[in-house]
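This is entry20.tsv (TSV, C-alpha atoms).
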chain	number	residue	atom	x	y	z
X	157	PRO	CA	-157.40	69.58	31.25
X	158	GLU	CA	-154.50	71.97	31.76
X	159	ALA	CA	-151.90	69.42	30.65
X	160	GLN	CA	-153.71	68.79	27.38
X	161	GLU	CA	-154.08	72.49	26.62
X	162	ARG	CA	-150.36	72.91	27.31
X	163	LEU	CA	-149.70	70.11	24.81
X	164	ILE	CA	-151.81	71.92	22.19
X	165	ARG	CA	-149.85	75.12	22.75
X	166	GLU	CA	-146.48	73.37	22.45
X	167	VAL	CA	-147.41	71.45	19.30
X	168	TYR	CA	-148.82	74.60	17.74
X	169	ALA	CA	-145.62	76.50	18.59
X	170	ALA	CA	-143.59	73.82	16.80
X	171	ASN	CA	-145.95	73.67	13.80
X	172	PRO	CA	-148.77	76.22	13.38
X	173	ASN	CA	-150.31	73.95	10.70
X	174	THR	CA	-152.01	71.92	13.44
X	175	ILE	CA	-155.47	70.37	13.69
X	176	VAL	CA	-156.90	69.69	17.16
X	177	VAL	CA	-159.15	66.62	17.44
X	178	ILE	CA	-161.39	66.49	20.52
X	179	VAL	CA	-163.07	63.23	21.46
X	180	GLY	CA	-165.58	63.82	24.23
X	181	SER	CA	-169.17	63.95	25.41
X	182	TYR	CA	-169.43	67.49	26.76
X	183	PRO	CA	-168.57	71.06	25.76
X	184	PHE	CA	-165.07	72.40	26.44
X	185	ALA	CA	-163.96	76.02	26.84
X	186	VAL	CA	-161.21	75.74	24.19
X	187	ASN	CA	-160.89	79.49	23.79
X	188	TRP	CA	-157.14	79.54	23.07
X	189	ALA	CA	-157.37	76.77	20.49
X	190	ASP	CA	-160.33	78.45	18.81
X	191	GLU	CA	-158.34	81.68	18.48
X	192	HIS	CA	-155.06	80.14	17.27
X	193	VAL	CA	-155.26	76.72	15.64
X	194	PRO	CA	-156.48	76.49	12.01
X	195	ALA	CA	-159.11	73.79	12.61
X	196	ILE	CA	-160.83	71.85	15.38
X	197	LEU	CA	-162.60	68.53	14.82
X	198	TYR	CA	-164.98	67.36	17.52
X	199	THR	CA	-166.45	63.87	17.75
X	200	SER	CA	-168.17	61.81	20.40
X	201	HIS	CA	-166.91	58.40	21.49
X	202	ALA	CA	-167.96	56.59	18.32
X	203	GLY	CA	-166.76	53.02	18.85
X	204	PRO	CA	-164.11	50.84	17.17
X	205	GLU	CA	-164.29	52.67	13.81
X	206	LEU	CA	-163.60	56.05	15.41
X	207	GLY	CA	-159.98	56.19	14.21
X	208	HIS	CA	-160.89	55.37	10.61
X	209	ALA	CA	-163.74	57.91	10.64
X	210	VAL	CA	-161.52	60.71	11.94
X	211	ALA	CA	-158.83	59.84	9.38
X	212	ASP	CA	-161.36	59.95	6.55
X	213	VAL	CA	-162.42	63.44	7.60
X	214	LEU	CA	-158.87	64.75	8.12
X	215	PHE	CA	-157.68	63.49	4.74
X	216	GLY	CA	-160.74	64.82	2.93
X	217	ASP	CA	-162.22	61.45	1.96
X	218	TYR	CA	-165.41	62.33	3.81
X	219	ALA	CA	-166.96	65.75	4.39
X	220	PRO	CA	-168.07	66.27	8.02
X	221	ALA	CA	-171.66	67.43	8.49
X	222	GLY	CA	-172.30	67.13	12.21
X	223	ARG	CA	-173.89	69.93	14.22
X	224	LEU	CA	-173.58	70.69	17.92
X	225	ASN	CA	-176.60	69.63	19.96
X	226	MET	CA	-175.54	71.85	22.85
X	227	THR	CA	-174.11	75.32	23.45
X	228	TRP	CA	-170.38	75.63	24.08
X	229	TYR	CA	-169.80	78.50	26.49
X	230	ARG	CA	-166.59	80.48	26.85
X	231	SER	CA	-166.46	80.07	30.62
X	232	VAL	CA	-168.37	78.63	33.57
X	233	ASP	CA	-168.72	82.27	34.62
X	234	GLN	CA	-171.45	82.51	31.96
X	235	LEU	CA	-173.53	79.89	33.79
X	236	PRO	CA	-175.53	79.91	37.04
X	237	ASP	CA	-174.91	77.42	39.84
X	238	PHE	CA	-174.38	73.86	38.61
X	239	MET	CA	-177.41	72.62	40.56
X	240	ASP	CA	-179.73	75.32	39.20
X	241	TYR	CA	-181.90	73.56	36.63
X	242	ASP	CA	-184.14	76.52	35.80
X	243	ILE	CA	-182.95	77.37	32.28
X	244	ILE	CA	-185.38	80.30	31.97
X	245	LYS	CA	-184.39	82.19	35.11
X	246	GLY	CA	-180.75	81.14	34.72
X	247	GLU	CA	-180.83	82.06	31.00
X	248	ARG	CA	-179.21	78.81	29.94
X	249	THR	CA	-178.96	77.18	26.51
X	250	TYR	CA	-179.39	78.87	23.15
X	251	ARG	CA	-183.03	79.46	24.00
X	252	TYR	CA	-182.38	82.02	26.73
X	253	PHE	CA	-178.68	82.90	26.92
X	254	PRO	CA	-178.14	86.44	25.54
X	255	GLY	CA	-174.34	86.56	25.70
X	256	ASP	CA	-171.47	85.67	23.37
X	257	VAL	CA	-170.65	81.95	23.29
X	258	LEU	CA	-167.74	79.99	21.91
X	259	TYR	CA	-169.83	77.75	19.63
X	260	PRO	CA	-173.60	78.13	19.37
X	261	PHE	CA	-176.21	75.38	19.31
X	262	GLY	CA	-176.41	73.92	15.80
X	263	HIS	CA	-172.87	75.01	14.83
X	264	GLY	CA	-170.80	72.90	12.48
X	265	LEU	CA	-168.55	73.38	9.45
X	266	THR	CA	-167.86	71.32	6.36
X	267	TYR	CA	-165.73	71.53	3.22
X	268	SER	CA	-168.52	72.99	1.06
X	269	LYS	CA	-170.16	76.42	1.12
X	270	PHE	CA	-173.94	76.77	1.00
X	271	GLU	CA	-176.10	79.75	0.09
X	272	TYR	CA	-179.71	80.36	1.18
X	273	SER	CA	-182.44	82.20	-0.73
X	274	SER	CA	-186.20	82.53	-1.21
X	275	LEU	CA	-187.61	81.91	2.25
X	276	GLN	CA	-191.38	81.60	1.75
X	277	LEU	CA	-194.47	80.81	3.86
X	278	ASP	CA	-197.57	79.31	2.27
X	279	ARG	CA	-199.75	81.47	4.52
X	280	SER	CA	-199.26	84.70	6.45
X	281	THR	CA	-201.54	83.84	9.40
X	282	ILE	CA	-202.00	80.67	11.43
X	283	GLY	CA	-204.71	79.75	13.91
X	284	GLU	CA	-205.35	76.93	16.35
X	285	HIS	CA	-205.12	73.42	14.81
X	286	GLU	CA	-203.58	74.89	11.64
X	287	GLU	CA	-200.11	74.61	10.16
X	288	VAL	CA	-197.80	76.61	7.93
X	289	THR	CA	-195.35	75.28	5.35
X	290	VAL	CA	-192.00	77.05	5.24
X	291	SER	CA	-189.67	76.60	2.27
X	292	VAL	CA	-186.14	77.84	1.63
X	293	THR	CA	-183.81	77.26	-1.31
X	294	VAL	CA	-180.31	76.02	-0.53
X	295	ARG	CA	-177.49	75.95	-3.11
X	296	ASN	CA	-174.10	74.29	-2.91
X	297	ALA	CA	-171.94	77.23	-3.96
X	298	SER	CA	-168.68	75.28	-3.88
X	299	GLU	CA	-166.90	72.89	-6.23
X	300	ARG	CA	-167.28	69.94	-3.92
X	301	ALA	CA	-170.28	67.80	-2.97
X	302	GLY	CA	-171.34	68.11	0.63
X	303	GLU	CA	-174.12	67.96	3.20
X	304	GLU	CA	-175.84	70.89	4.87
X	305	VAL	CA	-178.06	70.85	7.97
X	306	VAL	CA	-180.75	73.45	7.30
X	307	GLN	CA	-182.24	74.73	10.56
X	308	LEU	CA	-185.53	76.52	11.18
X	309	TYR	CA	-185.99	78.63	14.32
X	310	GLY	CA	-188.85	80.67	15.67
X	311	ALA	CA	-189.12	83.61	18.06
X	312	ALA	CA	-192.31	85.01	19.56
X	313	GLY	CA	-192.92	88.73	19.67
X	314	SER	CA	-194.39	90.42	22.74
X	315	SER	CA	-195.80	87.93	25.22
X	316	ARG	CA	-197.22	87.73	28.72
X	317	VAL	CA	-194.37	85.39	29.68
X	318	LYS	CA	-190.65	85.19	29.01
X	319	ARG	CA	-190.34	83.36	25.70
X	320	PRO	CA	-187.17	81.88	24.18
X	321	LEU	CA	-184.87	84.15	22.18
X	322	LYS	CA	-185.10	81.35	19.60
X	323	GLN	CA	-186.48	77.85	19.57
X	324	LEU	CA	-185.69	75.12	17.08
X	325	LEU	CA	-188.75	74.22	15.01
X	326	GLY	CA	-187.11	71.77	12.63
X	327	PHE	CA	-184.00	70.76	10.71
X	328	ARG	CA	-183.17	68.91	7.50
X	329	ARG	CA	-179.89	67.30	6.51
X	330	ILE	CA	-179.48	67.37	2.74
X	331	ALA	CA	-176.74	66.24	0.35
X	332	LEU	CA	-176.01	68.50	-2.62
X	333	GLU	CA	-173.63	68.08	-5.51
X	334	ALA	CA	-171.43	71.02	-6.48
X	335	GLY	CA	-173.66	73.80	-7.86
X	336	GLU	CA	-176.89	71.92	-7.06
X	337	SER	CA	-179.90	73.73	-5.54
X	338	ARG	CA	-182.86	72.32	-3.65
X	339	ALA	CA	-186.00	73.67	-1.98
X	340	VAL	CA	-186.20	72.49	1.63
X	341	GLN	CA	-189.60	72.44	3.33
X	342	PHE	CA	-190.69	72.49	6.96
X	343	THR	CA	-194.18	72.10	8.40
X	344	VAL	CA	-194.88	74.04	11.59
X	345	ASN	CA	-198.02	73.22	13.57
X	346	ALA	CA	-199.71	75.89	15.66
X	347	ALA	CA	-199.29	73.68	18.74
X	348	GLU	CA	-195.50	74.12	18.45
X	349	LEU	CA	-195.95	77.85	19.05
X	350	ALA	CA	-197.99	77.45	22.24
X	351	PHE	CA	-196.73	77.73	25.81
X	352	TRP	CA	-197.95	76.34	29.15
X	353	ASP	CA	-200.08	79.01	30.80
X	354	VAL	CA	-199.63	78.63	34.57
X	355	THR	CA	-202.49	81.03	35.26
X	356	ARG	CA	-205.03	78.59	33.78
X	357	ASP	CA	-203.05	75.33	33.93
X	358	ARG	CA	-203.28	74.63	30.19
X	359	TRP	CA	-201.61	75.22	26.84
X	360	CYS	CA	-202.10	78.64	25.27
X	361	LEU	CA	-201.66	79.73	21.66
X	362	GLU	CA	-201.06	83.42	22.25
X	363	ALA	CA	-202.05	86.04	19.69
X	364	GLY	CA	-199.09	87.91	18.22
X	365	THR	CA	-196.39	87.84	15.58
X	366	TRP	CA	-193.68	85.22	15.24
X	367	ARG	CA	-190.39	85.55	13.38
X	368	LEU	CA	-189.45	82.37	11.50
X	369	MET	CA	-185.74	82.12	10.70
X	370	ALA	CA	-183.66	79.79	8.50
X	371	GLY	CA	-179.94	79.42	8.99
X	372	ARG	CA	-176.84	77.32	9.53
X	373	SER	CA	-176.98	77.48	13.34
X	374	SER	CA	-178.84	79.26	16.12
X	375	ALA	CA	-176.41	82.17	15.73
X	376	ASP	CA	-175.99	82.08	11.93
X	377	ILE	CA	-179.43	83.14	10.73
X	378	VAL	CA	-179.59	83.87	7.02
X	379	LEU	CA	-183.26	84.58	6.20
X	380	ALA	CA	-186.38	85.49	8.18
X	381	ALA	CA	-190.11	86.02	7.64
X	382	GLU	CA	-193.02	87.04	9.86
X	383	LEU	CA	-196.02	84.90	10.72
X	384	LYS	CA	-199.11	86.26	12.45
X	385	VAL	CA	-200.74	84.01	15.03
X	386	ALA	CA	-204.51	84.28	15.47
X	387	GLY	CA	-204.54	83.11	19.06
X	388	GLU	CA	-205.84	84.40	22.37
X	389	GLN	CA	-204.91	86.96	24.99
X	390	VAL	CA	-204.11	85.61	28.43
X	391	PRO	CA	-206.70	87.05	30.84
X	392	PRO	CA	-205.81	88.41	34.29
X	393	ARG	CA	-205.21	85.85	37.04
X	394	ASN	CA	-208.10	84.85	39.25
X	395	LEU	CA	-206.47	84.35	42.65
X	396	ARG	CA	-209.89	83.84	44.26
X	397	MET	CA	-209.66	80.30	42.93
X	398	PRO	CA	-207.34	77.85	44.71
X	399	THR	CA	-203.96	78.46	43.07
X	400	ALA	CA	-200.98	76.10	43.16
X	401	ALA	CA	-198.08	78.00	44.72
X	402	VAL	CA	-195.68	76.60	42.08
X	403	CYS	CA	-197.67	78.39	39.35
X	404	TYR	CA	-195.69	81.59	39.94
X	405	ASP	CA	-194.39	84.04	37.33
X	406	GLU	CA	-191.17	84.98	39.13
X	407	TYR	CA	-189.38	83.85	42.27
X	408	GLU	CA	-186.25	84.16	44.38
X	409	GLY	CA	-184.85	81.77	46.98
X	410	VAL	CA	-187.52	79.14	46.34
X	411	ILE	CA	-187.38	75.55	45.06
X	412	ILE	CA	-190.13	73.20	43.92
X	413	ASP	CA	-190.59	70.40	46.45
X	414	GLU	CA	-193.03	67.53	46.87
X	415	CYS	CA	-196.44	67.74	48.51
X	416	ARG	CA	-197.73	64.39	49.65
X	417	GLU	CA	-201.28	65.71	49.60
X	418	GLY	CA	-200.88	65.87	45.83
X	419	GLY	CA	-198.91	67.97	43.38
X	420	SER	CA	-195.92	70.08	44.40
X	421	SER	CA	-195.09	72.83	46.85
X	422	ALA	CA	-192.99	75.98	46.80
X	423	ALA	CA	-190.33	75.71	49.52
X	424	SER	CA	-188.61	78.82	50.86
X	425	MET	CA	-184.90	78.13	51.22
X	426	ARG	CA	-183.66	81.35	52.78
X	427	VAL	CA	-184.50	84.73	54.26
X	428	GLY	CA	-185.70	87.12	51.56
X	429	ALA	CA	-187.40	84.48	49.42
X	430	TRP	CA	-190.48	85.52	47.44
X	431	LEU	CA	-192.99	84.41	44.81
X	432	ARG	CA	-194.68	86.79	42.36
X	433	TYR	CA	-198.03	86.23	40.63
X	434	ARG	CA	-198.55	88.81	37.92
X	435	ASP	CA	-201.68	90.62	36.82
X	436	ALA	CA	-204.29	89.45	39.32
X	437	GLU	CA	-207.81	90.84	38.99
X	438	PHE	CA	-209.81	91.50	42.15
X	439	GLY	CA	-212.46	93.78	40.63
X	440	ASP	CA	-214.62	96.22	42.57
X	441	ARG	CA	-215.69	93.62	45.12
X	442	GLY	CA	-212.10	93.13	46.28
X	443	ALA	CA	-210.58	90.58	48.64
X	444	VAL	CA	-210.06	90.91	52.41
X	445	CYS	CA	-208.76	87.49	53.45
X	446	PHE	CA	-205.83	85.19	52.56
X	447	GLU	CA	-205.92	81.41	52.93
X	448	ALA	CA	-203.05	78.98	52.32
X	449	ARG	CA	-202.16	75.33	52.73
X	450	VAL	CA	-198.73	75.27	54.37
X	451	SER	CA	-196.17	73.24	56.27
X	452	ALA	CA	-193.55	74.54	58.70
X	453	ALA	CA	-191.10	71.89	59.83
X	454	ASP	CA	-188.53	74.16	61.44
X	455	GLY	CA	-190.74	76.18	63.78
X	456	ASP	CA	-193.10	79.11	63.51
X	457	GLY	CA	-192.95	81.34	60.47
X	458	VAL	CA	-194.80	84.03	58.55
X	459	ILE	CA	-195.91	84.79	55.02
X	460	GLU	CA	-195.71	88.49	54.21
X	461	LEU	CA	-198.27	89.49	51.58
X	462	ARG	CA	-197.63	92.38	49.20
X	463	SER	CA	-199.47	94.01	46.35
X	464	ALA	CA	-197.38	95.50	43.54
X	465	ALA	CA	-198.37	98.10	40.95
X	466	GLY	CA	-196.48	100.81	39.13
X	467	GLY	CA	-193.14	99.50	40.36
X	468	GLU	CA	-194.04	99.85	44.04
X	469	GLU	CA	-194.83	97.11	46.56
X	470	THR	CA	-197.14	97.56	49.55
X	471	VAL	CA	-197.49	95.16	52.47
X	472	VAL	CA	-201.17	94.24	52.74
X	473	GLY	CA	-200.98	91.55	55.37
X	474	VAL	CA	-198.85	89.15	57.41
X	475	CYS	CA	-200.01	85.56	57.85
X	476	GLN	CA	-198.72	83.75	60.94
X	477	VAL	CA	-197.76	80.09	60.36
X	478	PRO	CA	-197.40	77.94	63.50
X	479	ALA	CA	-195.00	75.00	63.37
X	480	THR	CA	-196.75	72.02	61.78
X	481	GLY	CA	-194.38	69.34	63.03
X	482	GLY	CA	-193.00	68.15	59.72
X	483	ALA	CA	-192.25	69.09	56.13
X	484	GLN	CA	-195.19	66.98	54.95
X	485	SER	CA	-197.59	67.90	57.75
X	486	TRP	CA	-199.99	70.28	56.03
X	487	HIS	CA	-202.28	72.81	57.71
X	488	THR	CA	-204.55	75.62	56.54
X	489	VAL	CA	-203.77	79.16	57.74
X	490	THR	CA	-205.75	82.35	57.18
X	491	CYS	CA	-205.31	86.04	57.85
X	492	ALA	CA	-206.97	89.34	57.07
X	493	VAL	CA	-205.52	91.56	54.34
X	494	GLU	CA	-206.09	95.15	53.45
X	495	PRO	CA	-208.77	95.29	50.75
X	496	LEU	CA	-207.38	94.33	47.35
X	497	LEU	CA	-209.16	96.07	44.47
X	498	GLY	CA	-208.67	96.19	40.71
X	499	ARG	CA	-205.57	94.67	39.07
X	500	CYS	CA	-202.14	94.22	40.62
X	501	ASP	CA	-199.30	91.76	41.11
X	502	ILE	CA	-199.29	89.69	44.27
X	503	VAL	CA	-196.07	88.78	46.08
X	504	LEU	CA	-195.83	86.10	48.78
X	505	ALA	CA	-192.71	86.30	50.95
X	506	PRO	CA	-192.50	83.16	53.12
X	507	SER	CA	-189.89	82.93	55.86
X	508	ALA	CA	-187.14	80.34	55.51
X	509	GLY	CA	-188.28	76.73	55.89
X	510	LEU	CA	-191.93	77.29	54.97
X	511	ARG	CA	-193.63	75.33	52.20
X	512	ILE	CA	-196.77	76.54	50.46
X	513	SER	CA	-198.90	74.06	48.53
X	514	SER	CA	-201.78	76.30	47.45
X	515	PHE	CA	-203.48	79.57	48.35
X	516	ARG	CA	-206.38	81.84	47.51
X	517	PHE	CA	-207.82	85.24	48.40
X	518	ILE	CA	-211.38	85.62	49.65
Written form, structure tokens:
Amino acid sequence: PEAQERLIREVYAANPNTIVVIVGSYPFAVNWADEHVPAILYTSHAGPELGHAVADVLFGDYAPAGRLNMTWYRSVDQLPDFMDYDIIKGERTYRYFPGDVLYPFGHGLTYSKFEYSSLQLDRSTIGEHEEVTVSVTVRNASERAGEEVVQLYGAAGSSRVKRPLKQLLGFRRIALEAGESRAVQFTVNAAELAFWDVTRDRWCLEAGTWRLMAGRSSADIVLAAELKVAGEQVPPRNLRMPTAAVCYDEYEGVIIDECREGGSSAASMRVGAWLRYRDAEFGDRGAVCFEARVSAADGDGVIELRSAAGGEETVVGVCQVPATGGAQSWHTVTCAVEPLLGRCDIVLAPSAGLRISSFRFI
């Protein structure tokens, strides 16, 4: 709140040797305090012993060792709309946000200093149903006992889909006396490196190389090692099979809505909405017809069909959708399309108000 920040500024002006204590449940954009005051202590609402706990930390009787379980941004301008829950498209959280934040996920300071060394993997390659043990040596390089939260992150290399910049694979909180060292171990199962493949509606352990990283936070990475994954390559999409519309790769102006026939539907919310399905294989036989299960509550509409290859999109058909009389009144529509051959992306552009449950090409 503005009044509280003004209080911080006035107290700091009177005495620069000021510590700001924040008691809250959410991140705050305390940019000015971060730049000026010597120390900030953050705690949640911890009950009747909160005052004693904060005093113990401030007077040095207890060394803090908490870590942030959320990203603290510098401004709401770094975030998409409040009601946008798609963290991948909106690039939210430490997993997808590429910008500079105030405090990263996993951040936290204490009165001791810790050094990391000797990051080792017990194997260089991992396959399905296998696991790798990761070890790192941590030393308390200060003259005071303390606790460190050792964090292990992973990042996939090239992938068919947008993977996280980093994802937390494990953490260990350890107490070390002054000068003490300890080897910290993590076990990573191959299943933790898989992603949900919307093209086949199942988990996929993708072949490639992962970077495993140990550090003090998601932004303070100290050591890294590579791990090869003996997985599979995602094959081209088969859009001849009935495909759930919500199993898209990219979209704009669309939300996921219910479908009372079962599953979910992709609902177009505005003019210019579209859904993209990457890398579809039609072969030499090709496809000449489009079929979809749709609802149109607000009147007649259309679905424009495009093929995309080499950065260019071509309209291959327009499917007319008569009004169905309700958002959950589902009908099947069909239309002819220009012959689709070989491999390409497919883009569906439904007019505003249309819902698509599933579709296929014939």
Taking (-182.4, 73.6, 4.7) in the file's coordinates as the center, which residues reach within 12 Å of it, counting all atoms listed in the file, put as a PyMOL selection string?
chain X and resi 270-275+290-296+303-309+326-332+337-342+369-373+377-379
What does the file look like for those residues with C-alpha atoms, as an mmCIF file, keeping the file's coordinate frame?
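File produced: part34.cif:
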data_model
loop_
_atom_site.group_PDB
_atom_site.id
_atom_site.type_symbol
_atom_site.label_atom_id
_atom_site.label_comp_id
_atom_site.auth_asym_id
_atom_site.auth_seq_id
_atom_site.Cartn_x
_atom_site.Cartn_y
_atom_site.Cartn_z
ATOM 1 C CA PHE X 270 -173.940 76.770 1.000
ATOM 2 C CA GLU X 271 -176.100 79.750 0.090
ATOM 3 C CA TYR X 272 -179.710 80.360 1.180
ATOM 4 C CA SER X 273 -182.440 82.200 -0.730
ATOM 5 C CA SER X 274 -186.200 82.530 -1.210
ATOM 6 C CA LEU X 275 -187.610 81.910 2.250
ATOM 7 C CA VAL X 290 -192.000 77.050 5.240
ATOM 8 C CA SER X 291 -189.670 76.600 2.270
ATOM 9 C CA VAL X 292 -186.140 77.840 1.630
ATOM 10 C CA THR X 293 -183.810 77.260 -1.310
ATOM 11 C CA VAL X 294 -180.310 76.020 -0.530
ATOM 12 C CA ARG X 295 -177.490 75.950 -3.110
ATOM 13 C CA ASN X 296 -174.100 74.290 -2.910
ATOM 14 C CA GLU X 303 -174.120 67.960 3.200
ATOM 15 C CA GLU X 304 -175.840 70.890 4.870
ATOM 16 C CA VAL X 305 -178.060 70.850 7.970
ATOM 17 C CA VAL X 306 -180.750 73.450 7.300
ATOM 18 C CA GLN X 307 -182.240 74.730 10.560
ATOM 19 C CA LEU X 308 -185.530 76.520 11.180
ATOM 20 C CA TYR X 309 -185.990 78.630 14.320
ATOM 21 C CA GLY X 326 -187.110 71.770 12.630
ATOM 22 C CA PHE X 327 -184.000 70.760 10.710
ATOM 23 C CA ARG X 328 -183.170 68.910 7.500
ATOM 24 C CA ARG X 329 -179.890 67.300 6.510
ATOM 25 C CA ILE X 330 -179.480 67.370 2.740
ATOM 26 C CA ALA X 331 -176.740 66.240 0.350
ATOM 27 C CA LEU X 332 -176.010 68.500 -2.620
ATOM 28 C CA SER X 337 -179.900 73.730 -5.540
ATOM 29 C CA ARG X 338 -182.860 72.320 -3.650
ATOM 30 C CA ALA X 339 -186.000 73.670 -1.980
ATOM 31 C CA VAL X 340 -186.200 72.490 1.630
ATOM 32 C CA GLN X 341 -189.600 72.440 3.330
ATOM 33 C CA PHE X 342 -190.690 72.490 6.960
ATOM 34 C CA MET X 369 -185.740 82.120 10.700
ATOM 35 C CA ALA X 370 -183.660 79.790 8.500
ATOM 36 C CA GLY X 371 -179.940 79.420 8.990
ATOM 37 C CA ARG X 372 -176.840 77.320 9.530
ATOM 38 C CA SER X 373 -176.980 77.480 13.340
ATOM 39 C CA ILE X 377 -179.430 83.140 10.730
ATOM 40 C CA VAL X 378 -179.590 83.870 7.020
ATOM 41 C CA LEU X 379 -183.260 84.580 6.200
#
Residues proximal to (-168.8, 64.1, 13.4) were defined as those with any atom within 7 Å of that point in the file's coordinates, counting all atoms listed in the file. Which are they, as number ranges by chain?
X: 198-199, 220-222
Shell of 12 Å around Thr174 in chain X, only C-alpha atoms, local chain residues under 5 positions omitted, as a PyMOL selection string:
chain X and resi 163-169+189-190+192-197+214
Could you write those residues out with C-alpha atoms, as an mmCIF file, in the coordinates of the input?
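Output file part-v6.cif follows:
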data_model
loop_
_atom_site.group_PDB
_atom_site.id
_atom_site.type_symbol
_atom_site.label_atom_id
_atom_site.label_comp_id
_atom_site.auth_asym_id
_atom_site.auth_seq_id
_atom_site.Cartn_x
_atom_site.Cartn_y
_atom_site.Cartn_z
ATOM 1 C CA LEU X 163 -149.700 70.110 24.810
ATOM 2 C CA ILE X 164 -151.810 71.920 22.190
ATOM 3 C CA ARG X 165 -149.850 75.120 22.750
ATOM 4 C CA GLU X 166 -146.480 73.370 22.450
ATOM 5 C CA VAL X 167 -147.410 71.450 19.300
ATOM 6 C CA TYR X 168 -148.820 74.600 17.740
ATOM 7 C CA ALA X 169 -145.620 76.500 18.590
ATOM 8 C CA ALA X 189 -157.370 76.770 20.490
ATOM 9 C CA ASP X 190 -160.330 78.450 18.810
ATOM 10 C CA HIS X 192 -155.060 80.140 17.270
ATOM 11 C CA VAL X 193 -155.260 76.720 15.640
ATOM 12 C CA PRO X 194 -156.480 76.490 12.010
ATOM 13 C CA ALA X 195 -159.110 73.790 12.610
ATOM 14 C CA ILE X 196 -160.830 71.850 15.380
ATOM 15 C CA LEU X 197 -162.600 68.530 14.820
ATOM 16 C CA LEU X 214 -158.870 64.750 8.120
#
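Of the residues under consideration (X:Asp233, X:Asp217, X:Asp242, X:Glu362), X:Glu362 shows the shortest atom-to-atom contact distance to Val385 in chain X when counting only C-alpha atoms.
The residue that comes closest to Asp440 in chain X, out of X:Arg499, X:Arg251, X:Arg416, X:His201 and on the basis of only C-alpha atoms, is X:Arg499.
The residue that comes closest to Ala508 in chain X, out of X:Gly467, X:Gly439, X:Gly481, X:Gly428 and on the basis of only C-alpha atoms, is X:Gly428.
The environment of Glu247 in chain X within 12 Å, counting only C-alpha atoms and disregarding residues fewer than 4 places along the same chain, consists of Gln234, Leu235, Pro236, Asp237, Asp240, Tyr241, Asp242, Ile243, Arg251, Tyr252, Phe253, Pro254, Gly255, Lys318, Arg319, Pro320 and Leu321 of chain X.
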From the list X:Leu361, X:Ala375, X:Ala202, X:Val179, the nearest residue to Leu324 in chain X using only C-alpha atoms is X:Ala375
Under the rule that only C-alpha atoms are counted, which of X:Ala311, X:Val458, X:Val471, X:Ala464 is the nearest residue to Val489 in chain X?
X:Val458
Quick one, how far is CA of Ile282 in chain X from CA of Ile244 in chain X?
26.4 Å
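Between CA of Gly262 in chain X and CA of Ala297 in chain X lies a distance of 20.5 Å.
The space separating CA of Val257 in chain X from CA of Val232 in chain X comes to 11.0 Å.
Using all atoms listed in the file, the shortest contact distance between Met226 in chain X and any of X:Leu258, X:Ala386, X:Met239, X:Ala453 is found at X:Leu258.
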Centre and size of axis-aligned box enclosing range 379-391 of chain X plus 6 Å each side, as AutoDock Vina command-line options:
--center_x -195.0 --center_y 85.1 --center_z 18.5 --size_x 35.4 --size_y 15.9 --size_z 36.6
Within 9 Å of range 430-436 of chain X, counting only C-alpha atoms, which residues show up once you throw out same-chain ones fewer than 3 positions away? Write them as a list of chain:residue names, please.
X:Thr355, X:Pro391, X:Pro392, X:Arg393, X:Asn394, X:Leu395, X:Ala401, X:Val402, X:Cys403, X:Tyr404, X:Asp405, X:Glu406, X:Tyr407, X:Glu408, X:Gly409, X:Val410, X:Ala422, X:Ser424, X:Ala464, X:Gly498, X:Arg499, X:Cys500, X:Asp501, X:Ile502, X:Val503, X:Leu504, X:Ala505, X:Pro506, X:Ser507
Please, can range 261-267 of chain X be completed to N, CA, C and O atoms and returned as a PDB file, in the frame of the given file?
ATOM      1  N   PHE X 261    -175.401  76.561  19.620  1.00  0.00           N
ATOM      2  CA  PHE X 261    -176.210  75.380  19.310  1.00  0.00           C
ATOM      3  C   PHE X 261    -176.413  75.304  17.798  1.00  0.00           C
ATOM      4  O   PHE X 261    -176.721  76.290  17.138  1.00  0.00           O
ATOM      5  N   GLY X 262    -176.214  74.114  17.238  1.00  0.00           N
ATOM      6  CA  GLY X 262    -176.410  73.920  15.800  1.00  0.00           C
ATOM      7  C   GLY X 262    -175.188  74.213  14.959  1.00  0.00           C
ATOM      8  O   GLY X 262    -175.209  74.030  13.739  1.00  0.00           O
ATOM      9  N   HIS X 263    -174.073  74.645  15.590  1.00  0.00           N
ATOM     10  CA  HIS X 263    -172.870  75.010  14.830  1.00  0.00           C
ATOM     11  C   HIS X 263    -172.179  73.788  14.266  1.00  0.00           C
ATOM     12  O   HIS X 263    -172.131  72.730  14.882  1.00  0.00           O
ATOM     13  N   GLY X 264    -171.613  73.943  13.096  1.00  0.00           N
ATOM     14  CA  GLY X 264    -170.800  72.900  12.480  1.00  0.00           C
ATOM     15  C   GLY X 264    -170.339  73.344  11.108  1.00  0.00           C
ATOM     16  O   GLY X 264    -171.071  74.018  10.386  1.00  0.00           O
ATOM     17  N   LEU X 265    -169.112  72.981  10.742  1.00  0.00           N
ATOM     18  CA  LEU X 265    -168.550  73.380   9.450  1.00  0.00           C
ATOM     19  C   LEU X 265    -168.308  72.140   8.594  1.00  0.00           C
ATOM     20  O   LEU X 265    -168.222  71.027   9.088  1.00  0.00           O
ATOM     21  N   THR X 266    -168.184  72.389   7.293  1.00  0.00           N
ATOM     22  CA  THR X 266    -167.860  71.320   6.360  1.00  0.00           C
ATOM     23  C   THR X 266    -166.981  71.897   5.259  1.00  0.00           C
ATOM     24  O   THR X 266    -166.588  73.068   5.319  1.00  0.00           O
ATOM     25  N   TYR X 267    -166.646  71.084   4.253  1.00  0.00           N
ATOM     26  CA  TYR X 267    -165.730  71.530   3.220  1.00  0.00           C
ATOM     27  C   TYR X 267    -166.431  72.269   2.086  1.00  0.00           C
ATOM     28  O   TYR X 267    -165.778  72.805   1.196  1.00  0.00           O
TER      29      TYR X 267
END
